[in-house]
There are 2 protein chains.
Amino acid sequence: MTPRGRPRGFDREAALDAALTEFWRHGYEATSVATLTKAMGINPPSLYAAFGDKRKLFSEAVQRYADTHGSYGARALAEPTAREAVEAMLRLAAAEYPAADHPPGCFVIDGATNTTEASQDVAEELRGYREGTKKAIAEKIAADARDGLLPKDTDAPALATFYAAVIQGMSTQARDGATEAELQRVADVALTAWPGRGA
Amino acid sequence: MTPRGRPRGFDREAALDAALTEFWRHGYEATSVATLTKAMGINPPSLYAAFGDKRKLFSEAVQRYADTHGSYGARALAEPTAREAVEAMLRLAAAEYPAADHPPGCFVIDGATNTTEASQDVAEELRGYREGTKKAIAEKIAADARDGLLPKDTDAPALATFYAAVIQGMSTQARDGATEAELQRVADVALTAWPGRGA
DNA sequence: CATCTTTCTTAGCGATCGCTATACAATGAA
DNA sequence: TTCATTGTATAGCGATCGCTAAGAAAGATG
């Protein structure tokens, strides 16, 4: 069942990875179609035929990120307890953000921060992912508080917002040049704020 | 000593404030000269005569921010102890970032995150401010550790990186819609990580 | 071979980018 | 008045933006 017509002359997934890298390094609006096509090794009509337009290509890049480098969030949330999940998320983020095989930081956090009015929906798309992760952390903490693994009066939303903020700050730190060792120390300190220690 | 020639027909500082607001909300590159002139109530030649170019106007806006809304950092660092300084910075940031009279978040943190290669120097300018603040926090902590106000083995750089990350994460949270109450809770949790408590 | 389908390259669309040449308006000095 | 100086508004520069029309090229099918 070979498709009819002239076969595509490039690897769609490799081109998507190249686009992801560009979007990741410069953000949505600062990445032009010209730089995208150059990085992807194709011409504009090939990009539009394969991905629709710049906007849809970005959404595919986000999905691709979530399935690869960004999967640490879902993997961490699969840990049995909230404490293990948060610790895993901090550890994995500290290892991932400064890794040399991709742009520094988190694509979902910094991929569309500076946008014109025309691209508000792009910023909104990433915000949705961020809020989803924060909510998942909060629910995991609330569940453990209900189950007695954490003090009953644990403020799950506040704790989740705190760890979400730490992770987002780690992304900025990585973009500013922080090493994994430095980020792991940030994770160390952040974990001392976990409830049921000094309390 | 009135200056010769036709007097300027607009308030330079008010125009600068309007430019700051635009840069703050959309970032350096996503803010066009057209939107700037519209917000400032002037035409392009007036902008270029008064501020040089878009790049110089941005630097003036950064300075203006540091002197006004962004002064909380310097004010916090004027506190006598590192503990008071860090607490003040967290409290002031929590109050400032979601305030309704300006765009959410911190201009120095988010004012130039998504940039093309051509504007790397703009991103670098803000990074310099961020690193300066982080270094100032670290030195304040190190001084108190030397003076016995903190354990001798306090890891000042790690603690400073942690609090810098928390503040940067608070900026992202504010941009994502967090209220002051929520950010103050983040500050509460962050302060429980201060050394010499559960240790 | 011819035909059909799809992708390819080339070239360029209208709109916007940062910026400026030009001419006019408004002031102080002579 | 007249001139010099500075700020103003209008209009438009070359470059780049996201995107696409047009036709050649590369495969399957007959």
# chains A, B, ... in the order shown; residues from 1 in each chain; ligands from 1
call {"tool": "interface_residues", "arguments": {"of": "chain C", "to": "chain A", "cutoff": "9 Å", "atoms": "only C-alpha atoms (C1' of nucleotides)", "output": "mmCIF file with N, CA and C atoms (P, O5', C5', C4', C3', O3' and C1' of nucleotides), in the first residue's frame"}}
result
data_model
loop_
_atom_site.group_PDB
_atom_site.id
_atom_site.type_symbol
_atom_site.label_atom_id
_atom_site.label_comp_id
_atom_site.auth_asym_id
_atom_site.auth_seq_id
_atom_site.Cartn_x
_atom_site.Cartn_y
_atom_site.Cartn_z
ATOM 1 P P DC C 4 -5.285 11.564 -17.164
ATOM 2 O "O5'" DC C 4 -5.030 11.325 -15.612
ATOM 3 C "C5'" DC C 4 -5.182 10.009 -15.061
ATOM 4 C "C4'" DC C 4 -4.514 9.948 -13.700
ATOM 5 C "C3'" DC C 4 -4.760 11.171 -12.814
ATOM 6 O "O3'" DC C 4 -5.359 10.764 -11.590
ATOM 7 C "C1'" DC C 4 -2.456 10.566 -12.822
ATOM 8 P P DT C 5 -5.934 11.909 -10.544
ATOM 9 O "O5'" DT C 5 -4.864 11.902 -9.381
ATOM 10 C "C5'" DT C 5 -4.411 10.648 -8.851
ATOM 11 C "C4'" DT C 5 -3.166 10.860 -8.002
ATOM 12 C "C3'" DT C 5 -3.247 12.073 -7.068
ATOM 13 O "O3'" DT C 5 -2.964 11.668 -5.749
ATOM 14 C "C1'" DT C 5 -1.202 12.082 -8.295
ATOM 15 P P DT C 6 -3.409 12.607 -4.468
ATOM 16 O "O5'" DT C 6 -2.016 13.169 -3.939
ATOM 17 C "C5'" DT C 6 -0.996 12.250 -3.554
ATOM 18 C "C4'" DT C 6 0.367 12.889 -3.690
ATOM 19 C "C3'" DT C 6 0.559 14.201 -2.917
ATOM 20 O "O3'" DT C 6 1.429 13.963 -1.820
ATOM 21 C "C1'" DT C 6 1.585 14.251 -5.073
ATOM 22 P P DT C 7 1.903 15.150 -0.857
ATOM 23 O "O5'" DT C 7 3.336 15.515 -1.474
ATOM 24 C "C5'" DT C 7 4.313 14.498 -1.655
ATOM 25 C "C4'" DT C 7 5.564 15.091 -2.276
ATOM 26 C "C3'" DT C 7 6.125 16.315 -1.551
ATOM 27 O "O3'" DT C 7 7.528 16.185 -1.421
ATOM 28 C "C1'" DT C 7 5.776 16.820 -3.824
ATOM 29 P P DC C 8 8.393 17.266 -0.585
ATOM 30 O "O5'" DC C 8 9.114 18.078 -1.758
ATOM 31 C "C5'" DC C 8 10.085 17.421 -2.574
ATOM 32 C "C4'" DC C 8 10.367 18.238 -3.818
ATOM 33 C "C3'" DC C 8 10.838 19.662 -3.553
ATOM 34 O "O3'" DC C 8 12.247 19.681 -3.434
ATOM 35 C "C1'" DC C 8 9.199 19.593 -5.305
ATOM 36 P P DT C 9 12.934 21.021 -2.847
ATOM 37 O "O5'" DT C 9 12.928 22.027 -4.082
ATOM 38 C "C5'" DT C 9 13.565 21.676 -5.319
ATOM 39 C "C4'" DT C 9 13.360 22.786 -6.340
ATOM 40 C "C3'" DT C 9 13.888 24.167 -5.902
ATOM 41 O "O3'" DT C 9 14.678 24.729 -6.943
ATOM 42 C "C1'" DT C 9 11.589 24.324 -6.504
#
call {"tool": "residues_around", "arguments": {"residues": "range 97-110 of chain A", "least_positions_apart": "3", "cutoff": "8 Å", "atoms": "only C-alpha atoms (C1' of nucleotides)", "output": "list in words"}}
result
Thr21, Trp24, Arg25, Gly27, Val62, Tyr65, Gly70, Ala93, Ala94, Thr113, Leu126, Arg127, Tyr129, Arg130, Gln168, Met170, Ser171, Thr172, Gln173, Ala174, Arg175, Gly177, Ala178, Thr179 and Glu180 of chain A; Thr113 and Asn114 of chain B
call {"tool": "write_last_selection", "arguments": {"atoms": "N, CA and C atoms", "output": "compact mmCIF listing (two decimals), in the first residue's frame"}}
result
# COMPACT_ATOMS: atom_id res chain seq x y z
N THR A 21 13.30 22.34 18.00
CA THR A 21 14.53 22.95 18.52
C THR A 21 14.54 24.45 18.29
N TRP A 24 11.95 26.09 20.52
CA TRP A 24 12.42 25.98 21.89
C TRP A 24 13.46 27.06 22.19
N ARG A 25 14.39 27.27 21.26
CA ARG A 25 15.47 28.22 21.52
C ARG A 25 15.00 29.67 21.45
N GLY A 27 11.44 30.73 20.84
CA GLY A 27 10.05 31.03 21.10
C GLY A 27 9.25 31.15 19.81
N VAL A 62 4.86 21.12 20.23
CA VAL A 62 4.53 21.00 21.65
C VAL A 62 4.21 19.55 21.99
N TYR A 65 7.31 17.56 21.97
CA TYR A 65 8.06 17.82 23.21
C TYR A 65 7.47 17.02 24.37
N GLY A 70 9.85 16.46 27.27
CA GLY A 70 8.94 16.95 28.28
C GLY A 70 8.17 15.87 29.01
N ALA A 93 13.73 17.51 36.25
CA ALA A 93 13.84 18.84 35.65
C ALA A 93 15.26 19.37 35.78
N ALA A 94 15.86 19.13 36.95
CA ALA A 94 17.23 19.61 37.17
C ALA A 94 18.21 18.94 36.21
N THR A 113 6.47 33.20 25.67
CA THR A 113 6.28 34.18 26.75
C THR A 113 6.09 35.59 26.20
N LEU A 126 0.23 26.97 25.85
CA LEU A 126 1.26 26.53 26.80
C LEU A 126 0.80 26.74 28.24
N ARG A 127 0.12 27.84 28.48
CA ARG A 127 -0.40 28.07 29.83
C ARG A 127 -1.29 26.91 30.26
N TYR A 129 -1.06 23.77 29.46
CA TYR A 129 -0.20 22.66 29.90
C TYR A 129 0.35 22.92 31.30
N ARG A 130 0.81 24.16 31.52
CA ARG A 130 1.38 24.49 32.83
C ARG A 130 0.34 24.34 33.94
N GLN A 168 9.46 26.29 37.43
CA GLN A 168 9.53 27.35 36.42
C GLN A 168 10.76 28.22 36.63
N MET A 170 13.52 27.19 37.91
CA MET A 170 14.68 26.37 37.48
C MET A 170 14.88 26.48 35.97
N SER A 171 13.78 26.61 35.25
CA SER A 171 13.91 26.77 33.80
C SER A 171 14.61 28.08 33.46
N THR A 172 14.22 29.14 34.14
CA THR A 172 14.89 30.44 33.92
C THR A 172 16.36 30.35 34.31
N GLN A 173 16.63 29.69 35.42
CA GLN A 173 18.02 29.54 35.86
C GLN A 173 18.83 28.77 34.83
N ALA A 174 18.25 27.72 34.29
CA ALA A 174 18.96 26.94 33.27
C ALA A 174 19.25 27.80 32.04
N ARG A 175 18.27 28.58 31.63
CA ARG A 175 18.47 29.47 30.48
C ARG A 175 19.52 30.52 30.78
N GLY A 177 22.13 29.88 32.47
CA GLY A 177 23.43 29.22 32.53
C GLY A 177 23.67 28.30 33.70
N ALA A 178 22.66 28.07 34.53
CA ALA A 178 22.86 27.20 35.69
C ALA A 178 23.17 25.77 35.25
N THR A 179 24.03 25.08 35.99
CA THR A 179 24.39 23.70 35.70
C THR A 179 23.44 22.74 36.39
N GLU A 180 23.54 21.45 36.03
CA GLU A 180 22.68 20.48 36.70
C GLU A 180 22.97 20.43 38.20
N THR B 113 12.51 37.23 26.80
CA THR B 113 12.80 35.80 26.88
C THR B 113 12.83 35.17 25.49
N ASN B 114 11.92 35.57 24.62
CA ASN B 114 11.87 35.01 23.26
C ASN B 114 12.49 36.01 22.29
call {"tool": "closest_atom_pairs", "arguments": {"of": "chain B", "to": "chain A", "cutoff": "6 Å", "atoms": "only C-alpha atoms", "output": "CSV"}}
result
residue,atom,partner,partner_atom,distance
B:His26,CA,A:Asn114,CA,5.1
B:Gly27,CA,A:Asn114,CA,4.9
B:Ala30,CA,A:Thr116,CA,5.3
B:Asn114,CA,A:Gly27,CA,4.9
B:Thr115,CA,A:His26,CA,5.4
B:Thr116,CA,A:Ala30,CA,5.3
B:Ala158,CA,A:Arg185,CA,5.9
B:Phe162,CA,A:Val186,CA,4.8
B:Ala165,CA,A:Gly169,CA,3.9
B:Val166,CA,A:Val166,CA,5.0
B:Gln168,CA,A:Gly169,CA,4.9
B:Gly169,CA,A:Ala165,CA,3.9
B:Met170,CA,A:Ala165,CA,5.6
B:Arg185,CA,A:Ala158,CA,5.9
B:Val186,CA,A:Phe162,CA,4.8
B:Thr192,CA,A:Ala193,CA,5.5
B:Ala193,CA,A:Ala193,CA,4.9
B:Gly198,CA,A:Gly198,CA,4.2
call {"tool": "closest_atom_pairs", "arguments": {"of": "chain D", "to": "chain A", "cutoff": "10 Å", "atoms": "only C-alpha atoms (C1' of nucleotides)", "output": "tab-separated table"}}
result
residue	atom	partner	partner_atom	distance
D:DT16	C1'	A:Ser32	CA	9.5
D:DC17	C1'	A:Ser32	CA	7.7
D:DG18	C1'	A:Val33	CA	7.1
D:DC19	C1'	A:Pro44	CA	8.2
D:DT20	C1'	A:Pro45	CA	7.7
D:DA25	C1'	A:Arg6	CA	8.3
D:DA26	C1'	A:Arg6	CA	4.9
D:DG27	C1'	A:Arg6	CA	4.5
D:DA28	C1'	A:Arg4	CA	5.6
D:DT29	C1'	A:Arg4	CA	9.1
call {"tool": "select_by_dssp", "arguments": {"residues": "chain B", "states": "alpha helix (DSSP H)", "output": "VMD selection string"}}
result
chain B and resid 12 to 26 33 to 40 44 to 51 54 to 67 72 to 77 82 to 96 107 to 110 120 to 146 156 to 175 180 to 191
call {"tool": "atom_distance", "arguments": {"atom1": "CA of Thr68 in chain A", "atom2": "CA of Glu13 in chain A"}}
result
12.2 Å
call {"tool": "atom_distance", "arguments": {"atom1": "CA of Lys38 in chain B", "atom2": "C1' of DT20 in chain C"}}
result
18.2 Å
call {"tool": "residues_around", "arguments": {"residues": "DA23 in chain C", "least_positions_apart": "3", "cutoff": "12 Å", "atoms": "only C-alpha atoms (C1' of nucleotides)", "output": "VMD selection string"}}
result
chain D and resid 8 to 11
call {"tool": "write_last_selection", "arguments": {"atoms": "C-alpha atoms (C1' of nucleotides)", "output": "mmCIF file, in the first residue's frame"}}
result
data_model
loop_
_atom_site.group_PDB
_atom_site.id
_atom_site.type_symbol
_atom_site.label_atom_id
_atom_site.label_comp_id
_atom_site.auth_asym_id
_atom_site.auth_seq_id
_atom_site.Cartn_x
_atom_site.Cartn_y
_atom_site.Cartn_z
ATOM 1 C "C1'" DT D 8 6.288 68.052 14.435
ATOM 2 C "C1'" DA D 9 3.492 65.162 10.839
ATOM 3 C "C1'" DT D 10 3.462 62.854 6.360
ATOM 4 C "C1'" DA D 11 5.053 59.598 3.587
#
call {"tool": "residues_around", "arguments": {"residues": "Gly41 in chain B", "least_positions_apart": "3", "cutoff": "9 Å", "atoms": "only C-alpha atoms (C1' of nucleotides)", "output": "list in words"}}
result
Phe10, Ala15, Ala18, Leu36, Thr37 and Lys38 of chain B
